Every structure is written in structure tokens, then in C-alpha cells.
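Below: query-v4.txt (compact mmCIF, C-alpha atoms)
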# COMPACT_ATOMS: atom_id res chain seq x y z
CA MET A 123 -258.10 -117.42 73.86
CA GLN A 124 -255.63 -115.05 72.20
CA LYS A 125 -253.10 -113.48 74.52
CA PRO A 126 -252.74 -109.68 74.50
CA VAL A 127 -250.20 -108.40 71.96
CA SER A 128 -247.65 -105.60 72.02
CA ILE A 129 -246.93 -103.55 68.91
CA SER A 130 -244.30 -101.12 67.66
CA VAL A 131 -245.28 -98.25 65.35
CA ASP A 132 -242.83 -96.19 63.31
CA ILE A 133 -244.39 -93.12 61.66
CA GLY A 134 -242.19 -91.81 58.87
CA GLY A 135 -242.74 -88.95 56.46
CA THR A 136 -244.28 -91.18 53.78
CA ASN A 137 -245.13 -94.50 55.40
CA THR A 138 -246.13 -95.88 58.77
CA ARG A 139 -244.85 -99.33 59.74
CA VAL A 140 -246.50 -101.48 62.37
CA ALA A 141 -245.21 -104.75 63.83
CA LEU A 142 -245.81 -107.15 66.67
CA CYS A 143 -243.07 -107.32 69.27
CA GLU A 144 -242.29 -109.79 72.00
CA ASP A 145 -239.75 -109.67 74.84
CA GLY A 146 -238.12 -106.59 73.32
CA GLU A 147 -237.77 -108.08 69.83
CA VAL A 148 -239.62 -107.06 66.66
CA LEU A 149 -241.28 -109.99 64.89
CA THR A 150 -240.13 -108.88 61.44
CA GLU A 151 -242.48 -111.23 59.61
CA THR A 152 -245.42 -109.23 61.05
CA ILE A 153 -244.28 -105.83 59.74
CA GLN A 154 -246.91 -104.08 57.62
CA ARG A 155 -246.47 -100.78 55.80
CA TYR A 156 -249.20 -98.18 55.28
CA ARG A 157 -249.02 -95.08 53.09
CA ASN A 158 -249.72 -91.99 55.19
CA ALA A 159 -251.33 -90.13 52.29
CA GLU A 160 -254.06 -92.78 52.17
CA HIS A 161 -255.08 -92.27 55.82
CA PRO A 162 -256.41 -89.18 57.65
CA ALA A 163 -254.78 -90.16 60.95
CA LEU A 164 -252.97 -92.96 62.74
CA GLU A 165 -256.12 -94.44 64.27
CA PRO A 166 -257.48 -96.07 61.04
CA ILE A 167 -254.06 -97.68 60.51
CA LEU A 168 -254.09 -99.17 64.00
CA ASP A 169 -257.69 -100.32 63.54
CA ALA A 170 -256.73 -102.13 60.34
CA TYR A 171 -253.63 -103.76 61.83
CA LEU A 172 -255.33 -104.78 65.06
CA ALA A 173 -258.41 -106.26 63.39
CA ASN A 174 -256.99 -109.75 64.05
CA TYR A 175 -255.72 -108.91 67.53
CA PRO A 176 -258.65 -107.94 69.76
CA MET A 177 -256.54 -107.71 72.93
CA VAL A 178 -253.70 -105.18 73.08
CA ALA A 179 -251.34 -104.99 76.04
CA ALA A 180 -249.02 -102.20 74.95
CA ILE A 181 -248.13 -99.91 72.05
CA CYS A 182 -245.00 -97.85 71.51
CA ILE A 183 -245.11 -95.23 68.75
CA ASP A 184 -242.23 -93.19 67.40
CA MET A 185 -242.86 -90.09 65.32
CA ALA A 186 -240.97 -87.26 63.66
CA GLY A 187 -241.96 -84.34 65.83
CA PRO A 188 -241.85 -82.99 69.38
CA VAL A 189 -243.51 -85.05 72.11
CA LYS A 190 -244.60 -83.72 75.48
CA ASP A 191 -246.62 -85.50 78.17
CA GLY A 192 -247.58 -88.30 75.81
CA VAL A 193 -248.85 -86.02 73.04
CA GLY A 194 -246.98 -85.36 69.83
CA THR A 195 -247.61 -83.51 66.58
CA LEU A 196 -245.82 -84.64 63.45
CA THR A 197 -243.60 -82.07 61.79
CA ASN A 198 -244.54 -82.85 58.19
CA LEU A 199 -247.96 -84.43 58.63
CA ASP A 200 -251.21 -83.08 60.10
CA TRP A 201 -251.52 -85.85 62.67
CA THR A 202 -251.58 -85.58 66.45
CA ILE A 203 -250.66 -88.65 68.48
CA ASP A 204 -252.25 -88.73 71.95
CA ALA A 205 -251.21 -91.61 74.22
CA GLY A 206 -254.27 -91.24 76.49
CA ALA A 207 -256.75 -91.23 73.61
CA LEU A 208 -255.09 -94.24 71.98
CA SER A 209 -255.11 -96.13 75.27
CA ALA A 210 -258.84 -95.57 75.60
CA ARG A 211 -259.41 -96.57 71.96
CA THR A 212 -257.57 -99.87 72.47
CA GLY A 213 -259.27 -100.88 75.69
CA GLY A 214 -256.73 -99.55 78.15
CA ALA A 215 -253.49 -100.62 76.50
CA ARG A 216 -250.31 -99.07 77.80
CA VAL A 217 -249.23 -96.50 75.19
CA ALA A 218 -245.84 -94.79 74.98
CA VAL A 219 -245.07 -92.05 72.44
CA LEU A 220 -241.47 -91.24 71.54
CA ASN A 221 -239.76 -88.82 69.23
CA ASP A 222 -238.24 -90.79 66.35
CA LEU A 223 -234.71 -90.01 67.48
CA GLN A 224 -235.50 -91.25 70.98
CA ALA A 225 -236.60 -94.54 69.42
CA GLN A 226 -233.29 -94.77 67.60
CA GLY A 227 -231.59 -94.17 70.93
CA HIS A 228 -233.45 -97.05 72.53
CA SER A 229 -232.38 -99.32 69.67
CA VAL A 230 -228.61 -98.89 69.55
CA ALA A 231 -227.74 -101.23 72.43
CA HIS A 232 -229.70 -103.99 70.67
CA LEU A 233 -228.34 -103.74 67.12
CA SER A 234 -226.27 -106.62 65.78
CA ALA A 235 -222.90 -106.15 64.12
CA ASP A 236 -224.41 -106.66 60.67
CA SER A 237 -226.65 -103.64 61.30
CA LEU A 238 -223.66 -101.33 61.68
CA LEU A 239 -220.87 -100.02 59.47
CA THR A 240 -218.00 -99.08 61.77
CA LEU A 241 -216.22 -95.90 60.68
CA LEU A 242 -213.93 -95.50 63.69
CA PRO A 243 -213.25 -98.49 65.99
CA GLY A 244 -212.65 -96.56 69.20
CA GLN A 245 -211.74 -98.53 72.29
CA PRO A 246 -213.63 -101.17 74.35
CA ALA A 247 -215.90 -99.75 77.05
CA PRO A 248 -218.33 -101.10 79.67
CA GLU A 249 -221.77 -102.10 78.37
CA ALA A 250 -223.48 -99.32 80.36
CA SER A 251 -221.34 -96.53 78.83
CA VAL A 252 -223.05 -93.49 77.37
CA ARG A 253 -223.93 -93.65 73.68
CA LEU A 254 -224.71 -90.79 71.30
CA VAL A 255 -227.14 -90.92 68.36
CA VAL A 256 -226.79 -88.30 65.62
CA ASN A 257 -229.55 -88.03 63.03
CA VAL A 258 -228.75 -86.43 59.68
CA GLY A 259 -231.72 -86.56 57.36
CA THR A 260 -234.52 -84.14 56.59
CA GLY A 261 -233.32 -82.35 59.71
CA LEU A 262 -230.47 -82.56 62.21
CA ASN A 263 -230.61 -83.67 65.82
CA ALA A 264 -228.65 -85.64 68.40
CA VAL A 265 -229.42 -87.33 71.72
CA PRO A 266 -227.33 -89.04 74.40
CA VAL A 267 -228.37 -92.51 75.54
CA HIS A 268 -227.89 -93.30 79.24
CA THR A 269 -228.36 -96.55 81.13
CA SER A 270 -229.63 -96.52 84.71
CA GLY A 271 -229.93 -100.03 86.08
CA ALA A 272 -232.35 -101.86 83.79
CA LEU A 273 -233.69 -98.68 82.20
CA THR A 274 -232.50 -96.79 79.13
CA LEU A 275 -232.87 -93.02 79.34
CA VAL A 276 -233.02 -90.99 76.12
CA PRO A 277 -233.84 -87.32 76.79
CA ALA A 278 -235.53 -85.27 74.09
CA ALA A 279 -233.38 -82.64 72.37
CA GLU A 280 -233.32 -80.09 69.56
CA ALA A 281 -229.59 -80.11 68.96
CA GLY A 282 -229.72 -79.28 65.27
CA HIS A 283 -230.43 -75.60 65.76
CA ILE A 284 -227.27 -74.57 67.56
CA THR A 285 -225.42 -71.64 66.04
CA LEU A 286 -223.50 -72.19 62.83
CA GLN A 287 -219.93 -70.95 63.27
CA ALA A 288 -216.95 -70.32 60.99
CA ARG A 289 -213.33 -71.31 61.60
CA ASP A 290 -211.58 -70.04 58.47
CA ALA A 291 -212.02 -67.68 55.51
CA LEU A 292 -213.95 -70.24 53.44
CA GLU A 293 -216.42 -70.97 56.22
CA LEU A 294 -216.79 -67.24 56.89
CA ARG A 295 -217.78 -66.71 53.25
CA LEU A 296 -220.24 -69.60 53.59
CA LEU A 297 -221.68 -68.16 56.80
CA GLU A 298 -222.15 -64.72 55.25
CA TRP A 299 -223.69 -66.22 52.09
CA LEU A 300 -226.09 -68.37 54.12
CA CYS A 301 -227.10 -65.69 56.62
CA ALA A 302 -227.96 -63.36 53.75
CA ARG A 303 -230.60 -65.93 52.80
CA ILE A 304 -231.50 -67.44 56.18
CA PRO A 305 -231.06 -65.06 59.12
CA SER A 306 -229.88 -66.78 62.33
CA ALA A 307 -228.92 -69.90 60.38
CA GLY A 308 -228.36 -72.93 62.57
CA LEU A 309 -226.17 -75.94 61.93
CA GLU A 310 -229.12 -77.80 60.39
CA GLU A 311 -228.81 -75.45 57.40
CA VAL A 312 -225.61 -77.26 56.39
CA LEU A 313 -226.18 -80.70 57.95
CA SER A 314 -229.41 -82.07 56.47
CA GLY A 315 -230.86 -82.79 53.07
CA ARG A 316 -231.44 -79.12 52.39
CA GLY A 317 -228.10 -78.40 54.06
CA LEU A 318 -226.29 -80.40 51.39
CA GLU A 319 -228.22 -78.39 48.80
CA HIS A 320 -227.17 -75.13 50.48
CA LEU A 321 -223.53 -76.21 50.43
CA HIS A 322 -223.65 -77.10 46.74
CA ALA A 323 -225.34 -73.79 45.89
CA PHE A 324 -222.66 -71.97 47.88
CA VAL A 325 -219.88 -73.81 46.02
CA CYS A 326 -221.44 -72.75 42.71
CA ALA A 327 -221.68 -69.14 43.91
CA ASP A 328 -218.18 -69.17 45.39
CA GLU A 329 -216.71 -70.43 42.11
CA GLY A 330 -218.95 -68.25 39.95
CA ALA A 331 -219.99 -71.27 37.87
CA GLY A 332 -222.23 -74.31 37.91
CA THR A 333 -225.91 -74.94 38.58
CA PRO A 334 -227.24 -75.70 42.07
CA LEU A 335 -228.73 -79.19 42.33
CA ASP A 336 -231.17 -80.91 44.65
CA ALA A 337 -229.89 -83.51 47.10
CA ALA A 338 -230.48 -86.46 44.77
CA GLY A 339 -228.75 -84.63 41.93
CA ILE A 340 -225.79 -83.80 44.15
CA MET A 341 -225.37 -87.44 45.16
CA ALA A 342 -225.55 -88.53 41.52
CA ALA A 343 -222.96 -85.90 40.56
CA PHE A 344 -220.79 -86.90 43.51
CA THR A 345 -220.88 -90.53 42.43
CA ALA A 346 -219.86 -89.45 38.93
CA GLY A 347 -216.88 -87.55 40.38
CA ASP A 348 -218.16 -84.01 39.72
CA ALA A 349 -215.70 -81.59 41.37
CA GLN A 350 -218.33 -79.21 42.78
CA ALA A 351 -220.39 -82.05 44.24
CA VAL A 352 -217.24 -83.51 45.82
CA ARG A 353 -216.33 -80.12 47.26
CA ALA A 354 -219.83 -79.74 48.75
CA ALA A 355 -219.58 -83.26 50.23
CA ARG A 356 -216.22 -82.42 51.78
CA LEU A 357 -217.67 -79.30 53.41
CA PHE A 358 -220.61 -81.35 54.67
CA THR A 359 -218.28 -83.99 56.10
CA SER A 360 -216.08 -81.41 57.78
CA TYR A 361 -219.08 -79.93 59.61
CA LEU A 362 -220.44 -83.37 60.48
CA GLY A 363 -217.13 -84.58 61.90
CA ARG A 364 -216.74 -81.43 63.96
CA TYR A 365 -220.36 -81.63 65.19
CA CYS A 366 -219.96 -85.25 66.28
CA GLY A 367 -216.64 -84.41 67.90
CA ASP A 368 -218.05 -81.45 69.82
CA LEU A 369 -220.98 -83.52 71.10
CA SER A 370 -218.64 -86.35 72.02
CA LEU A 371 -216.66 -84.02 74.27
CA THR A 372 -219.95 -82.82 75.78
CA ASN A 373 -221.43 -86.29 76.41
CA LEU A 374 -218.38 -88.65 76.52
CA PRO A 375 -220.04 -91.48 74.56
CA PHE A 376 -217.51 -94.24 75.23
CA GLY A 377 -220.26 -96.64 74.14
CA GLY A 378 -220.14 -95.18 70.65
CA VAL A 379 -221.49 -92.52 68.31
CA TYR A 380 -224.25 -93.83 66.02
CA LEU A 381 -225.10 -92.01 62.77
CA VAL A 382 -228.69 -92.43 61.52
CA GLY A 383 -230.90 -90.75 58.92
CA GLY A 384 -231.20 -90.78 55.16
CA VAL A 385 -228.41 -88.34 54.35
CA ALA A 386 -226.01 -90.06 56.76
CA LYS A 387 -226.87 -93.41 55.15
CA HIS A 388 -226.15 -92.12 51.63
CA LEU A 389 -222.89 -90.37 52.45
CA GLY A 390 -221.84 -92.77 55.22
CA PRO A 391 -219.73 -95.16 53.12
CA HIS A 392 -217.76 -92.17 51.77
CA LEU A 393 -217.24 -90.23 55.01
CA MET A 394 -213.79 -91.58 55.81
CA ASN A 395 -212.46 -90.65 52.36
CA LEU A 396 -213.99 -87.19 52.72
CA GLY A 397 -212.13 -86.33 55.94
CA PHE A 398 -214.56 -87.33 58.70
CA ALA A 399 -211.92 -88.80 61.01
CA GLU A 400 -209.69 -85.73 60.73
CA ALA A 401 -212.57 -83.37 61.49
CA PHE A 402 -213.83 -85.55 64.36
CA ARG A 403 -210.40 -85.63 66.01
CA ASP A 404 -209.46 -82.01 65.32
CA LYS A 405 -209.50 -81.05 69.00
CA GLY A 406 -205.95 -79.87 69.64
CA ARG A 407 -204.48 -81.49 72.74
CA PHE A 408 -207.63 -83.66 73.00
CA ALA A 409 -207.06 -85.25 69.58
CA GLN A 410 -205.73 -88.48 71.10
CA PHE A 411 -208.56 -88.49 73.65
CA MET A 412 -211.06 -88.56 70.74
CA GLU A 413 -209.68 -91.91 69.59
CA GLN A 414 -211.57 -93.60 72.45
CA PHE A 415 -214.98 -93.03 70.83
CA PRO A 416 -216.24 -95.59 68.29
CA VAL A 417 -218.32 -94.19 65.42
CA HIS A 418 -220.85 -96.38 63.61
CA LEU A 419 -223.27 -95.88 60.72
CA VAL A 420 -226.60 -97.60 61.45
CA THR A 421 -227.74 -99.54 58.38
CA ASP A 422 -230.76 -101.35 59.91
CA ASP A 423 -233.96 -100.03 58.33
CA TYR A 424 -235.97 -101.37 61.29
CA ALA A 425 -233.91 -99.71 64.02
CA ALA A 426 -236.71 -97.36 65.15
CA LEU A 427 -239.16 -100.26 65.40
CA ARG A 428 -236.58 -102.21 67.41
CA GLY A 429 -236.13 -99.22 69.71
CA CYS A 430 -239.87 -99.07 70.37
CA ALA A 431 -239.91 -102.79 71.15
CA ALA A 432 -236.95 -102.48 73.53
CA HIS A 433 -238.56 -99.51 75.30
CA LEU A 434 -241.84 -101.40 75.76
CA ALA A 435 -240.01 -104.38 77.22
CA GLU A 436 -238.25 -102.16 79.75
CA LEU A 437 -241.52 -100.48 80.75
CA GLN A 438 -243.25 -103.83 81.16
CA ARG A 439 -240.43 -105.23 83.29
CA ALA A 440 -240.48 -102.13 85.48
CA ALA A 441 -244.27 -102.24 85.99
If you convert what's in this file into C-alpha cells, what do you get?
Amino acid sequence: MQKPVSISVDIGGTNTRVALCEDGEVLTETIQRYRNAEHPALEPILDAYLANYPMVAAICIDMAGPVKDGVGTLTNLDWTIDAGALSARTGGARVAVLNDLQAQGHSVAHLSADSLLTLLPGQPAPEASVRLVVNVGTGLNAVPVHTSGALTLVPAAEAGHITLQARDALELRLLEWLCARIPSAGLEEVLSGRGLEHLHAFVCADEGAGTPLDAAGIMAAFTAGDAQAVRAARLFTSYLGRYCGDLSLTNLPFGGVYLVGGVAKHLGPHLMNLGFAEAFRDKGRFAQFMEQFPVHLVTDDYAALRGCAAHLAELQRAA
């Protein structure tokens, strides 16, 4: 008789990935990928994956969108994920629904060294120290990761929409240019995929020359050494370093700051040359204090799935 299985589900903007997990680990050989555009909802995907697994013990799903009381609606997809309905559909399985950034938060304590690119080494800290996950991709968000006994606590947040501020004449021109186009612009309007596009368009306008590019075009131009693309990347990095530094002073993540998301992954290897460390530590008399916080770029494509698996294992141990 087959034993009940546990599965992790990672719903992205284009694809959904499903995998078996056991004792907090993803069984990577079981990962299957499904195109969202070919399915009207998550349920047919789960039906297809679970066809060979009639008994389901637990499911953890992460999704890009707000989650409340076990129900979430995806930001860029007309799907609603309801933990209660999915539990009933799978014969009473335990179902947990997380925001995608929460899943990343549950993963970071379980990532191996080869899943990380260390940007700033920081200083050694106890295993239970607070961590901070910063997502820079289609949008911007950040969450602290706390440990309480055997449980990992990752509160939901919408930290990408805090007020965009200016510290010098250049940033004031940027703020005025952006607010003329997007009233009440938040920090996400400069730290995201579209944020990089906004910065490049501003550089073109500020210099009175050049053609604004999309994010892929900016990265290609940056790689080729184009001066305007490099200037936009430096502005981006300055804001990112400051943002991570501000949140580090708020949360004291002695366990490390972890950068995730598509834009962070593309720019990550260049951040140190673009001034990230200087912006991160630009805190006046607290500059030396900032040197305690390690900063890592997460390079593991399965981190969200691993976070779901780790969360399920904790829930099952606590039951």
C-alpha cells in the first residue's frame, strides 16, 4: 500500500512547478513543470500530478499574491487558491498557502553554500539569528525571518510600496520626473523590472539623448558597456543598497540579508562593482555597525519549493 505523500507547489507567473518532498527536502527528480496558460486553474495541475499518488498527507503552495486565512489570489493570473477547498478535494490533506516571498523566507536557513553568492561576508552569528529576504523582480518586497524554537516565522509584508525619497539634486530630479508620471510613486517604481526601465528612461531624459529600453535591452546594453545603461544600473544599485541597509537597521538580520528575484539575479554579480557595499553601509556613525550583516544573492532556482518543503516539515513535527 502506498504511503501518503507530501508535495510542494511553486506557482510562478508563467509556470507552476510541483514536487514530492520528504522530511523537509524536495525530491528534485520528481519536479514537474506545467505551463499556466494551458490550465484554467491550479486544480487540474494537481489532479494530473497526483494521478499516481492516491493518498496525500500534506501540500504547501507558494504563490505571487496576497494570502489571508488560507486563501490567496494571484497578482498576474486569474486563479484563486483556497486551502480549505484543496484539502477537501484531496481527501483531507493538510494544505498550507504561502506568499512566494514567505516561501523564500522559509528556505534560506536550508540553502547550501553552492546556492548562494556572497556579496558581503558579515560576521558569524548564532543559527537562530534574524534573517532578511529582499525580493527584486517583477515587484519589490522584503520580509524578516524569525526562529522561535523549532518553528520559522515569516510574516507577510508589502514593503515595496514605501515612499520614494531623494537625498541629493540628482535624486530630486528623478523623483520629480517620476511623480509627474506616477503620482505617489513608491520605491518599487525604481527597484523592480519596470523600475530599471524607469531609471533608464530618466537617464535619457536627464541627458536629453538616447532611447528608453525595456529591461532586457538595458541589461544587454549594460553588458556591452553602454554609458546610459551603466548609469541606470548605478542608480538602481544605490537605491537597492540603501533599501537593504535601512531594512537591516530595522530588523537587525545578523543571520544575513538574502537577495532573490529575477532582477536581483541578473544584476547580482555586478552589484559590488556598481557601489552596493558603499550604499549599504552609508549610515554615518553606524557604518561600521553595518559590517556585521552578511549579504547573499540566492542562486538556487528551487528555493521556493525548498521553503515549502521546510514549512511542511515544521508543521508536521508540531502537529
Using only C-alpha atoms, determine which residues lie at most 12 Å from Gln410 (chain A), disregarding the query and same-chain residues fewer than 6 positions distant; provide the list as number ranges by chain.
A: 244-245, 399-400, 402-404
May I ask for the distance between CA of Asn174 (chain A) and CA of Gly187 (chain A), given in Å to one decimal place?
29.6 Å
Counting all atoms listed in the file, what is within 10 Å of Leu389 (chain A), bar same-chain residues fewer than 2 positions away, as number ranges by chain?
A: 341, 344, 355, 358-359, 384-387, 391-394, 396, 419
To box region 260-278 of chain A, take all atoms listed in the file, fit an axis-aligned box, add 4 Å on each side, and give centre and edge lengths in Å to one decimal, as lines of an AutoDock Vina configuration file.
center_x = -231.4
center_y = -92.1
center_z = 71.3
size_x = 16.2
size_y = 27.5
size_z = 37.5
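One finds CA of Ala186 (chain A) at 25.8 Å from CA of Gly213 (chain A).
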Point out the residue among A:Gly206, A:Gly367, A:Gly377, A:Gly282 with the least atom-to-atom distance to Phe398 (chain A), counting all atoms listed in the file.
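Using all atoms listed in the file, the shortest distance to Phe398 (chain A) belongs to A:Gly367.
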Pick from A:Gly227, A:Gly330, A:Gly315, A:Pro246 nearest to Leu262 (chain A), counting only C-alpha atoms
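Looking at the shortest contact to Leu262 (chain A), the residue is A:Gly315.
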From the set A:Ala225, A:Ala441, A:Leu254, A:Ala432, which residue has the shortest atom-to-atom contact distance to Leu371 (chain A), counting only C-alpha atoms?
A:Leu254
So the first atom is CA of Tyr365 (chain A) and the second is CA of Ala302 (chain A); what is the distance between them in Å, to one decimal place?
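Value for the CA of Tyr365 (chain A)-CA of Ala302 (chain A) distance: 22.9 Å.
For the residues A:Ile153, A:Val148, A:Val417, A:Leu294, ranking by smallest atom-to-atom distance to Leu242 (chain A) using only C-alpha atoms places A:Val417 first.
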Within 9 Å of Leu239 (chain A) using all atoms listed in the file, minus same-chain residues under 2 positions, as a PDB file with C-alpha atoms, keeping the file's coordinate frame:
ATOM      1  CA  ALA A 235    -222.900-106.150  64.120  1.00  0.00           C
ATOM      2  CA  ASP A 236    -224.410-106.660  60.670  1.00  0.00           C
ATOM      3  CA  SER A 237    -226.650-103.640  61.300  1.00  0.00           C
ATOM      4  CA  LEU A 241    -216.220 -95.900  60.680  1.00  0.00           C
ATOM      5  CA  GLY A 390    -221.840 -92.770  55.220  1.00  0.00           C
ATOM      6  CA  PRO A 391    -219.730 -95.160  53.120  1.00  0.00           C
ATOM      7  CA  VAL A 417    -218.320 -94.190  65.420  1.00  0.00           C
ATOM      8  CA  HIS A 418    -220.850 -96.380  63.610  1.00  0.00           C
ATOM      9  CA  LEU A 419    -223.270 -95.880  60.720  1.00  0.00           C
ATOM     10  CA  VAL A 420    -226.600 -97.600  61.450  1.00  0.00           C
ATOM     11  CA  THR A 421    -227.740 -99.540  58.380  1.00  0.00           C
TER      12      THR A 421
END
Given the choices A:His433, A:Arg295, A:Arg155, A:His283, which gets closest to Glu310 (chain A) if the distance is worked out from only C-alpha atoms?
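Smallest distance to Glu310 (chain A) is found for A:His283.
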Which residues come within 12 Å of Ala331 (chain A), counting only C-alpha atoms, excluding same-chain residues fewer than 5 positions away, as a count of residues only?
7
So, with only C-alpha atoms as the atoms that count, which of A:Ala163, A:Arg303, A:Tyr380, A:Asn395 lies closest to Asn257 (chain A)?
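Checking each candidate against Asn257 (chain A), we get A:Tyr380 as the closest.
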Distance query Leu220 (chain A) at most 10 Å, all atoms listed in the file, self and fewer than 2 positions along chain excluded, as a PyMOL selection string:
chain A and resi 132+182-190+192-194+218+222-226+228+276+278+429-430+433
Please identify all polymer residues lying at most 6 Å from the point (-247.4, -98.9, 60.0) (file coordinates), using all atoms listed in the file, and present the result as a PyMOL selection string.
chain A and resi 131+138-140+154-156
